[in-house]
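One file, query.cif, carrying mmCIF, C-alpha atoms:
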```cif
data_model
#
loop_
_atom_site.label_atom_id
_atom_site.label_comp_id
_atom_site.auth_asym_id
_atom_site.auth_seq_id
_atom_site.Cartn_x
_atom_site.Cartn_y
_atom_site.Cartn_z
CA MET A 1 -95.00 -231.43 -177.51
CA ASP A 2 -92.50 -234.29 -177.26
CA THR A 3 -90.09 -234.30 -180.22
CA VAL A 4 -90.30 -238.04 -180.92
CA PHE A 5 -94.08 -238.00 -180.68
CA SER A 6 -94.21 -234.95 -183.00
CA LEU A 7 -92.00 -236.68 -185.55
CA LEU A 8 -94.11 -239.82 -185.44
CA ILE A 9 -97.30 -237.85 -186.06
CA LEU A 10 -95.75 -235.96 -188.98
CA LEU A 11 -94.38 -239.17 -190.48
CA ALA A 12 -97.70 -240.95 -189.99
CA CYS A 13 -99.64 -238.21 -191.79
CA ILE A 14 -97.29 -238.11 -194.78
CA THR A 15 -97.06 -241.91 -194.97
CA ALA A 16 -100.82 -242.35 -194.71
CA GLY A 17 -101.39 -240.02 -197.64
CA TYR A 18 -98.72 -241.77 -199.70
CA LEU A 19 -99.97 -245.30 -198.97
CA LEU A 20 -103.65 -244.51 -199.46
CA GLU A 21 -102.86 -242.91 -202.81
CA THR A 22 -100.74 -245.94 -203.76
CA ALA A 23 -103.71 -248.18 -202.95
CA GLY A 24 -106.01 -246.02 -205.08
CA LEU A 25 -108.20 -245.09 -202.11
CA ILE A 26 -108.04 -241.32 -202.62
CA PRO A 27 -110.96 -240.33 -204.87
CA LEU A 28 -109.85 -236.74 -205.32
CA LYS A 29 -108.02 -236.07 -208.55
CA LYS A 30 -108.49 -232.63 -210.04
CA ALA A 31 -109.70 -231.19 -206.73
CA LEU A 32 -106.56 -232.13 -204.82
CA ASP A 33 -104.60 -229.00 -205.74
CA THR A 34 -107.57 -226.85 -204.76
CA LEU A 35 -107.91 -228.69 -201.45
CA PHE A 36 -104.18 -228.25 -200.80
CA SER A 37 -104.49 -224.50 -201.38
CA VAL A 38 -107.51 -224.22 -199.09
CA VAL A 39 -105.79 -226.14 -196.26
CA LEU A 40 -102.62 -224.09 -196.76
CA TYR A 41 -104.58 -220.84 -196.56
CA LEU A 42 -106.28 -222.06 -193.37
CA LEU A 43 -102.93 -223.02 -191.91
CA LEU A 44 -101.36 -219.62 -192.58
CA PHE A 45 -104.50 -217.85 -191.35
CA SER A 46 -104.30 -219.89 -188.13
CA MET A 47 -100.65 -218.87 -187.73
CA GLY A 48 -101.72 -215.25 -188.03
CA LEU A 49 -104.53 -215.81 -185.53
CA ARG A 50 -102.08 -217.18 -183.00
CA LEU A 51 -99.71 -214.28 -183.57
CA GLY A 52 -102.55 -211.78 -183.20
CA GLN A 53 -103.57 -213.36 -179.90
CA SER A 54 -100.00 -212.97 -178.61
CA ARG A 55 -99.77 -209.30 -177.67
CA GLU A 56 -96.19 -209.67 -176.44
CA ILE A 57 -95.00 -210.86 -179.85
CA LEU A 58 -96.71 -207.97 -181.64
CA LEU A 59 -94.70 -205.60 -179.48
CA ARG A 60 -91.51 -207.27 -180.80
CA ILE A 61 -92.34 -206.99 -184.50
CA GLY A 62 -89.04 -205.17 -185.15
CA GLU A 63 -87.15 -208.20 -183.89
CA VAL A 64 -89.20 -210.41 -186.20
CA GLY A 65 -88.24 -208.29 -189.21
CA ALA A 66 -84.55 -208.30 -188.31
CA LEU A 67 -84.59 -212.08 -187.85
CA ALA A 68 -86.28 -212.54 -191.21
CA VAL A 69 -83.92 -210.35 -193.23
CA LEU A 70 -80.73 -211.61 -191.59
CA GLY A 71 -81.89 -215.23 -191.75
CA ALA A 72 -82.67 -214.99 -195.47
CA VAL A 73 -79.42 -213.24 -196.39
CA PHE A 74 -77.08 -215.43 -194.34
CA SER A 75 -78.74 -218.75 -195.22
CA SER A 76 -78.56 -217.88 -198.93
CA LEU A 77 -74.98 -216.61 -198.63
CA GLY A 78 -73.85 -219.75 -196.81
CA THR A 79 -75.41 -221.96 -199.47
CA VAL A 80 -73.77 -220.10 -202.35
CA ILE A 81 -70.33 -220.09 -200.71
CA PHE A 82 -70.41 -223.82 -200.01
CA GLN A 83 -71.70 -224.69 -203.48
CA VAL A 84 -68.96 -222.62 -205.13
CA LEU A 85 -66.27 -224.12 -202.87
CA LEU A 86 -67.40 -227.63 -203.84
CA ARG A 87 -67.20 -226.84 -207.57
CA PRO A 88 -63.97 -228.92 -208.05
CA LEU A 89 -65.74 -231.98 -206.60
CA TYR A 90 -68.76 -231.49 -208.86
CA VAL A 91 -66.46 -231.20 -211.89
CA LYS A 92 -64.63 -234.38 -210.94
CA LEU A 93 -67.82 -236.40 -210.49
CA ASP A 94 -69.58 -234.98 -213.56
CA ARG A 95 -67.66 -237.05 -216.12
CA ASP A 96 -70.35 -236.62 -218.77
CA ARG A 97 -70.43 -232.84 -218.17
CA LEU A 98 -74.20 -232.97 -217.71
CA TYR A 99 -74.29 -229.96 -215.43
CA GLU A 100 -71.61 -227.79 -216.99
CA LEU A 101 -72.78 -224.80 -218.99
CA ASP A 102 -71.62 -224.41 -222.56
CA ARG A 103 -71.14 -220.77 -221.73
CA PRO A 104 -72.12 -218.60 -218.77
CA VAL A 105 -75.53 -217.03 -219.28
CA LEU A 106 -75.65 -213.90 -217.14
CA ARG A 107 -79.02 -212.33 -217.77
CA GLY A 108 -79.44 -208.58 -217.70
CA ALA A 109 -80.77 -206.85 -214.59
CA GLY A 110 -83.76 -205.51 -216.52
CA GLU A 111 -84.84 -208.96 -217.66
CA ILE A 112 -84.47 -210.41 -214.17
CA LEU A 113 -86.46 -207.57 -212.57
CA ALA A 114 -89.21 -208.01 -215.16
CA MET A 115 -89.67 -211.65 -214.11
CA ILE A 116 -89.87 -211.07 -210.37
CA PRO A 117 -93.41 -209.53 -210.08
CA GLY A 118 -95.02 -212.60 -211.63
CA HIS A 119 -93.28 -214.90 -209.19
CA LEU A 120 -94.22 -212.72 -206.22
CA LYS A 121 -98.00 -212.97 -206.71
CA LYS A 122 -98.41 -216.15 -204.66
CA PRO A 123 -96.09 -215.10 -201.79
CA ALA A 124 -97.92 -211.77 -201.65
CA LEU A 125 -101.28 -213.54 -201.38
CA LEU A 126 -100.02 -215.78 -198.59
CA LEU A 127 -98.60 -212.78 -196.74
CA VAL A 128 -101.98 -211.03 -196.97
CA ILE A 129 -103.65 -214.13 -195.51
CA VAL A 130 -101.22 -214.15 -192.56
CA ILE A 131 -101.82 -210.42 -191.96
CA ALA A 132 -105.59 -211.01 -192.07
CA GLY A 133 -105.15 -213.71 -189.44
CA VAL A 134 -103.09 -211.38 -187.25
CA VAL A 135 -105.76 -208.66 -187.40
CA SER A 136 -108.53 -211.19 -186.67
CA GLY A 137 -106.61 -212.67 -183.75
CA TYR A 138 -105.95 -209.23 -182.31
CA LEU A 139 -109.64 -208.28 -182.47
CA LEU A 140 -110.88 -211.56 -180.98
CA PRO A 141 -110.90 -212.18 -177.22
CA PRO A 142 -108.28 -214.70 -175.99
CA VAL A 143 -109.11 -218.21 -177.24
CA PRO A 144 -107.08 -221.00 -175.54
CA PHE A 145 -106.98 -223.46 -178.46
CA LEU A 146 -105.76 -220.69 -180.76
CA MET A 147 -103.05 -219.51 -178.39
CA ASP A 148 -101.65 -222.96 -177.55
CA GLY A 149 -101.33 -224.03 -181.21
CA THR A 150 -103.91 -226.86 -181.10
CA PHE A 151 -105.88 -225.43 -184.03
CA SER A 152 -102.74 -224.99 -186.16
CA SER A 153 -101.48 -228.49 -185.34
CA VAL A 154 -104.68 -230.16 -186.54
CA ILE A 155 -104.61 -228.28 -189.85
CA LEU A 156 -100.87 -228.96 -190.23
CA ASN A 157 -101.46 -232.69 -189.99
CA GLY A 158 -104.10 -232.44 -192.70
CA LEU A 159 -101.71 -230.54 -194.95
CA LEU A 160 -98.96 -233.13 -194.52
CA PHE A 161 -101.45 -235.88 -195.39
CA ILE A 162 -102.07 -234.11 -198.69
CA VAL A 163 -98.32 -233.66 -199.20
CA GLY A 164 -97.98 -237.45 -198.94
CA ILE A 165 -100.57 -237.88 -201.68
CA GLN A 166 -98.80 -235.35 -203.89
CA MET A 167 -95.44 -237.08 -203.40
CA LYS A 168 -96.94 -240.28 -204.80
CA ARG A 169 -98.70 -238.50 -207.66
CA GLY A 170 -95.53 -236.62 -208.57
CA GLY A 171 -94.16 -239.84 -210.03
CA VAL A 172 -90.55 -238.94 -209.28
CA ASN A 173 -88.29 -241.95 -209.75
CA MET A 174 -86.14 -241.20 -206.73
CA LYS A 175 -84.38 -244.58 -206.97
CA LYS A 176 -83.05 -243.70 -210.40
CA ALA A 177 -82.27 -240.13 -209.42
CA LEU A 178 -80.29 -241.25 -206.37
CA LEU A 179 -77.88 -243.15 -208.60
CA GLN A 180 -76.41 -239.82 -209.69
CA PRO A 181 -73.72 -238.66 -207.20
CA ALA A 182 -74.72 -235.02 -207.61
CA THR A 183 -78.28 -235.85 -206.56
CA ILE A 184 -77.03 -236.81 -203.11
CA ILE A 185 -74.21 -234.30 -202.73
CA LEU A 186 -76.12 -231.21 -203.88
CA PRO A 187 -78.82 -231.19 -201.14
CA ILE A 188 -76.22 -232.15 -198.51
CA VAL A 189 -74.14 -229.11 -199.46
CA THR A 190 -77.26 -226.92 -199.52
CA VAL A 191 -78.24 -228.07 -196.03
CA THR A 192 -74.70 -227.60 -194.69
CA GLY A 193 -74.23 -224.16 -196.23
CA THR A 194 -77.65 -222.95 -195.13
CA LEU A 195 -77.37 -224.10 -191.54
CA LEU A 196 -73.83 -222.78 -191.09
CA GLY A 197 -74.61 -219.50 -192.84
CA VAL A 198 -77.72 -218.79 -190.78
CA GLN A 199 -75.64 -219.06 -187.61
CA LEU A 200 -74.20 -215.64 -188.48
CA THR A 201 -77.60 -214.25 -187.51
CA ARG A 202 -76.68 -214.95 -183.90
CA LEU A 203 -73.97 -212.28 -184.11
CA PHE A 204 -76.64 -209.62 -184.61
CA ILE A 205 -79.56 -211.01 -182.58
CA PRO A 206 -78.61 -211.38 -178.89
CA GLY A 207 -80.22 -214.38 -177.24
CA LEU A 208 -80.83 -216.36 -180.43
CA THR A 209 -79.86 -219.92 -179.53
CA LEU A 210 -78.16 -222.48 -181.76
CA GLY A 211 -81.34 -224.52 -182.15
CA ARG A 212 -83.55 -221.50 -182.93
CA ALA A 213 -81.07 -220.31 -185.56
CA LEU A 214 -81.04 -223.76 -187.18
CA ALA A 215 -84.84 -223.81 -187.24
CA LEU A 216 -84.90 -220.33 -188.78
CA GLY A 217 -82.84 -221.50 -191.76
CA GLY A 218 -84.20 -225.06 -191.76
CA GLY A 219 -87.13 -224.22 -194.01
CA PHE A 220 -84.77 -224.00 -197.02
CA GLY A 221 -87.24 -221.70 -198.78
CA TRP A 222 -90.44 -223.62 -197.90
CA TYR A 223 -92.01 -220.67 -196.08
CA SER A 224 -95.59 -221.96 -196.12
CA LEU A 225 -94.70 -224.91 -193.87
CA SER A 226 -91.64 -223.89 -191.85
CA GLY A 227 -93.25 -220.89 -190.18
CA VAL A 228 -96.40 -222.74 -189.14
CA LEU A 229 -94.42 -225.76 -187.96
CA ILE A 230 -92.20 -223.65 -185.71
CA SER A 231 -95.23 -221.80 -184.36
CA ALA A 232 -96.97 -225.12 -183.64
CA LEU A 233 -93.88 -226.23 -181.74
CA GLY A 234 -94.23 -223.35 -179.31
CA ASP A 235 -92.45 -220.29 -180.75
CA PRO A 236 -94.86 -218.05 -182.72
CA LEU A 237 -92.32 -215.21 -182.91
CA LEU A 238 -89.67 -217.39 -184.52
CA GLY A 239 -92.34 -219.01 -186.68
CA THR A 240 -93.35 -215.65 -188.11
CA ALA A 241 -89.71 -214.72 -188.69
CA SER A 242 -89.12 -218.08 -190.42
CA PHE A 243 -92.11 -217.54 -192.68
CA LEU A 244 -90.78 -214.16 -193.80
CA ALA A 245 -87.14 -215.31 -193.98
CA ASN A 246 -87.92 -218.22 -196.27
CA MET A 247 -90.18 -216.05 -198.40
CA LEU A 248 -87.30 -213.58 -198.80
CA ARG A 249 -84.98 -216.48 -199.66
CA GLU A 250 -87.23 -217.34 -202.58
CA VAL A 251 -87.05 -213.73 -203.81
CA LEU A 252 -83.25 -213.73 -203.48
CA ALA A 253 -83.08 -216.99 -205.43
CA LEU A 254 -85.03 -215.48 -208.32
CA VAL A 255 -82.37 -212.79 -208.58
CA LEU A 256 -79.30 -214.94 -207.91
CA ILE A 257 -80.02 -217.98 -210.10
CA SER A 258 -79.17 -216.19 -213.31
CA PHE A 259 -76.29 -214.26 -211.76
CA LEU A 260 -74.65 -217.47 -210.52
CA SER A 261 -74.39 -218.79 -214.07
CA PHE A 262 -71.01 -217.00 -214.15
CA THR A 263 -69.61 -220.04 -212.30
CA GLY A 264 -70.13 -222.09 -215.46
CA ARG A 265 -72.13 -224.73 -213.58
CA CYS A 266 -75.65 -225.11 -212.22
CA GLU A 267 -75.12 -226.34 -208.65
CA SER A 268 -74.89 -222.98 -206.89
CA GLY A 269 -78.00 -221.70 -208.66
CA ILE A 270 -80.00 -224.79 -207.75
CA GLY A 271 -78.67 -224.75 -204.20
CA VAL A 272 -79.67 -221.17 -203.46
CA ALA A 273 -83.21 -222.01 -204.63
CA GLY A 274 -83.51 -224.53 -201.81
CA ALA A 275 -86.77 -226.47 -201.71
CA THR A 276 -88.25 -224.20 -204.39
CA SER A 277 -85.99 -225.77 -207.04
CA MET A 278 -88.76 -228.33 -207.59
CA ASP A 279 -91.49 -225.79 -208.36
CA VAL A 280 -91.37 -221.98 -208.22
CA THR A 281 -87.79 -221.46 -209.38
CA LEU A 282 -87.63 -224.53 -211.65
CA PRO A 283 -88.62 -222.63 -214.85
CA LEU A 284 -85.85 -220.08 -214.29
CA ILE A 285 -83.35 -222.85 -213.54
CA GLU A 286 -84.31 -224.64 -216.75
CA HIS A 287 -84.09 -221.43 -218.78
CA THR A 288 -80.71 -220.45 -217.32
CA TYR A 289 -78.92 -223.79 -217.09
CA GLY A 290 -80.73 -225.91 -219.67
CA PRO A 291 -83.28 -228.79 -219.69
CA ARG A 292 -80.72 -231.40 -218.64
CA THR A 293 -80.53 -229.81 -215.19
CA VAL A 294 -84.28 -230.17 -214.51
CA PRO A 295 -84.13 -233.71 -212.99
CA LEU A 296 -81.30 -232.65 -210.68
CA ALA A 297 -83.11 -229.49 -209.60
CA PHE A 298 -86.38 -231.36 -209.07
CA ALA A 299 -84.75 -234.13 -207.03
CA HIS A 300 -82.90 -231.50 -204.96
CA GLY A 301 -86.19 -229.80 -204.10
CA VAL A 302 -87.95 -233.07 -203.33
CA ILE A 303 -85.21 -234.24 -200.95
CA LEU A 304 -85.17 -230.94 -199.06
CA THR A 305 -88.97 -230.85 -198.91
CA ALA A 306 -89.03 -234.39 -197.51
CA ILE A 307 -86.61 -233.66 -194.64
CA ILE A 308 -87.92 -230.26 -193.53
CA PRO A 309 -90.85 -231.61 -191.42
CA PHE A 310 -88.39 -233.76 -189.49
CA LEU A 311 -85.40 -231.44 -189.15
CA ILE A 312 -87.26 -228.46 -187.72
CA PRO A 313 -88.73 -230.32 -184.70
CA LEU A 314 -85.27 -231.69 -183.96
CA PHE A 315 -83.71 -228.23 -184.20
CA MET A 316 -86.33 -226.78 -181.88
CA LYS A 317 -85.17 -229.16 -179.13
CA ILE A 318 -81.55 -228.00 -179.34
CA PRO A 319 -80.65 -225.44 -176.62
#
```
Structure encoded using structure tokens:
Amino acid sequence: MDTVFSLLILLACITAGYLLETAGLIPLKKALDTLFSVVLYLLLFSMGLRLGQSREILLRIGEVGALAVLGAVFSSLGTVIFQVLLRPLYVKLDRDRLYELDRPVLRGAGEILAMIPGHLKKPALLLVIVIAGVVSGYLLPPVPFLMDGTFSSVILNGLLFIVGIQMKRGGVNMKKALLQPATIILPIVTVTGTLLGVQLTRLFIPGLTLGRALALGGGFGWYSLSGVLISALGDPLLGTASFLANMLREVLALVLISFLSFTGRCESGIGVAGATSMDVTLPLIEHTYGPRTVPLAFAHGVILTAIIPFLIPLFMKIP
């Protein structure tokens, strides 16, 4: 699929949802979250179906696991290193000391471990759905529209339409948020650290190209979209690895957010959370760094979420 055409379709779906919701033409209110979940489950199931139909990829499942673990570790490591290195800049710009901790709050290992199972329920469910799709695809005879990604692409467009609606309903005043220097710098540093860090994966995985490595880390923790998007763009193996890598990144963030409070500031903790700083990891960020960091964390997640559907197709075209 042509990159420009792919980007235009993705942009059109998100924009259509946003504009129709702005015009009050979307009747769904309470049912929207349920519809989003259903479409998401279908999307992940379709990704599993495509993987199950690809016998060659199943034979390389060890490579998928290695890509996922290395991608998660190096993308998270790169983000943390860059955020810590930029601490002097954050201090200089933060004249009102909005994002400086009164004291480091390093939570105990026992407390952190106790929180993780609750946060893992949804990722575990989504993983089960993908596995169910893989089994179903393996048992079914070859189906062309499953193998070429047509089925996944149609569902993906529907999901992005709903994302556009949710962006409007979120009511985030991005214009006001963008007036804060940290709101712009923080996601830029996260993107830079992630994409440079994930390149270390190439040292351990022979044949992994620059573009594929960028796509692997380019989900920034949004595993439910990044994996399917990469698969729809023609690389089911990398798509599966991206799904698992970004899921692992979320788990690492749940552990590291509290630990990174030793820096005395919130930026590294928010950065390692990636796109999840607007939802899954937001409660832990608020608890660790304080309520005043919530707008920054939310805006950080929104910005990353908004650019992911456009960055990944571009990365996939890089040799």
- [ ] Name every residue that the PyMOL selection byres ((chain A and resi 191-202) around 7) selects in this structure, writing the answer as a list in words with chains first and numbers rising.
- [x]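 Applied to this file, the PyMOL selection byres ((chain A and resi 191-202) around 7) selects Leu70, Gly71, Phe74, Ser75, Ser76, Leu77, Gly78, Thr79, Phe82, Pro187, Ile188, Val189, Thr190, Leu203, Phe204, Ile205, Pro206, Leu208, Ala213, Leu214, Gly217 and Gly218 of chain A.
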Open item on the list: Report, in Å with one decimal, the straight-line distance from CA of Leu140 in chain A to CA of Phe45 in chain A.
Closed with: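 Atom-to-atom, CA of Leu140 in chain A and CA of Phe45 in chain A are spaced 13.7 Å apart.
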Task: Separation of CA of Ser277 in chain A from CA of Val302 in chain A, in Å and rounded to one decimal - done: 8.4 Å
Task: Resolved residues for the PyMOL selection byres ((chain A and resi 26) around 12) as a PyMOL selection string - done: chain A and resi 16-25+27-32+161-162+164-166+168-169
Selection above as a file: C-alpha atoms, as a short mmCIF file (atom, residue, chain, number, x, y, z; two decimals), keeping the file's coordinate frame:
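So the final result, stored in again28.cif, reads:
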```
data_model
loop_
_atom_site.label_atom_id
_atom_site.label_comp_id
_atom_site.auth_asym_id
_atom_site.auth_seq_id
_atom_site.Cartn_x
_atom_site.Cartn_y
_atom_site.Cartn_z
CA ALA A 16 -100.82 -242.35 -194.71
CA GLY A 17 -101.39 -240.02 -197.64
CA TYR A 18 -98.72 -241.77 -199.70
CA LEU A 19 -99.97 -245.30 -198.97
CA LEU A 20 -103.65 -244.51 -199.46
CA GLU A 21 -102.86 -242.91 -202.81
CA THR A 22 -100.74 -245.94 -203.76
CA ALA A 23 -103.71 -248.18 -202.95
CA GLY A 24 -106.01 -246.02 -205.08
CA LEU A 25 -108.20 -245.09 -202.11
CA PRO A 27 -110.96 -240.33 -204.87
CA LEU A 28 -109.85 -236.74 -205.32
CA LYS A 29 -108.02 -236.07 -208.55
CA LYS A 30 -108.49 -232.63 -210.04
CA ALA A 31 -109.70 -231.19 -206.73
CA LEU A 32 -106.56 -232.13 -204.82
CA PHE A 161 -101.45 -235.88 -195.39
CA ILE A 162 -102.07 -234.11 -198.69
CA GLY A 164 -97.98 -237.45 -198.94
CA ILE A 165 -100.57 -237.88 -201.68
CA GLN A 166 -98.80 -235.35 -203.89
CA LYS A 168 -96.94 -240.28 -204.80
CA ARG A 169 -98.70 -238.50 -207.66
#
```
Task: CA of Tyr99 in chain A to CA of Arg265 in chain A, straight-line distance in Å - done: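 Going from CA of Arg265 in chain A over to CA of Tyr99 in chain A, I get 6.0 Å.
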- [ ] Tell me which of A:Val80, A:Ile230, A:Leu42, A:Ala245 sits closest to Ser268 in chain A, counting all atoms listed in the file.
- [x]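 Closest residue, counting all atoms listed in the file: A:Val80.
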TODO: Measuring atom to atom with all atoms listed in the file, identify which of A:Leu51, A:Leu126, A:Ile61, A:Val143 is nearest to Pro236 in chain A.
DONE: A:Leu51
Open item on the list: List the spatial neighbours of Met247 in chain A as a ChimeraX atom specification - criterion: any atom at most 12 Å away, only C-alpha atoms, same-chain residues fewer than 4 positions off excluded.
Closed with: /A:68-69,71-73,76,119-127,216-217,219-227,240-243,251-254,273-276,280
Go ahead and save the picked residues with C-alpha atoms, as a compact mmCIF listing (two decimals), in the coordinates of the input.
```
# COMPACT_ATOMS: atom_id res chain seq x y z
CA ALA A 68 -86.28 -212.54 -191.21
CA VAL A 69 -83.92 -210.35 -193.23
CA GLY A 71 -81.89 -215.23 -191.75
CA ALA A 72 -82.67 -214.99 -195.47
CA VAL A 73 -79.42 -213.24 -196.39
CA SER A 76 -78.56 -217.88 -198.93
CA HIS A 119 -93.28 -214.90 -209.19
CA LEU A 120 -94.22 -212.72 -206.22
CA LYS A 121 -98.00 -212.97 -206.71
CA LYS A 122 -98.41 -216.15 -204.66
CA PRO A 123 -96.09 -215.10 -201.79
CA ALA A 124 -97.92 -211.77 -201.65
CA LEU A 125 -101.28 -213.54 -201.38
CA LEU A 126 -100.02 -215.78 -198.59
CA LEU A 127 -98.60 -212.78 -196.74
CA LEU A 216 -84.90 -220.33 -188.78
CA GLY A 217 -82.84 -221.50 -191.76
CA GLY A 219 -87.13 -224.22 -194.01
CA PHE A 220 -84.77 -224.00 -197.02
CA GLY A 221 -87.24 -221.70 -198.78
CA TRP A 222 -90.44 -223.62 -197.90
CA TYR A 223 -92.01 -220.67 -196.08
CA SER A 224 -95.59 -221.96 -196.12
CA LEU A 225 -94.70 -224.91 -193.87
CA SER A 226 -91.64 -223.89 -191.85
CA GLY A 227 -93.25 -220.89 -190.18
CA THR A 240 -93.35 -215.65 -188.11
CA ALA A 241 -89.71 -214.72 -188.69
CA SER A 242 -89.12 -218.08 -190.42
CA PHE A 243 -92.11 -217.54 -192.68
CA VAL A 251 -87.05 -213.73 -203.81
CA LEU A 252 -83.25 -213.73 -203.48
CA ALA A 253 -83.08 -216.99 -205.43
CA LEU A 254 -85.03 -215.48 -208.32
CA ALA A 273 -83.21 -222.01 -204.63
CA GLY A 274 -83.51 -224.53 -201.81
CA ALA A 275 -86.77 -226.47 -201.71
CA THR A 276 -88.25 -224.20 -204.39
CA VAL A 280 -91.37 -221.98 -208.22
```
Task: Test item: the PyMOL selection byres ((chain A and resi 289) around 10) resolved as a count of residues only - done: 26
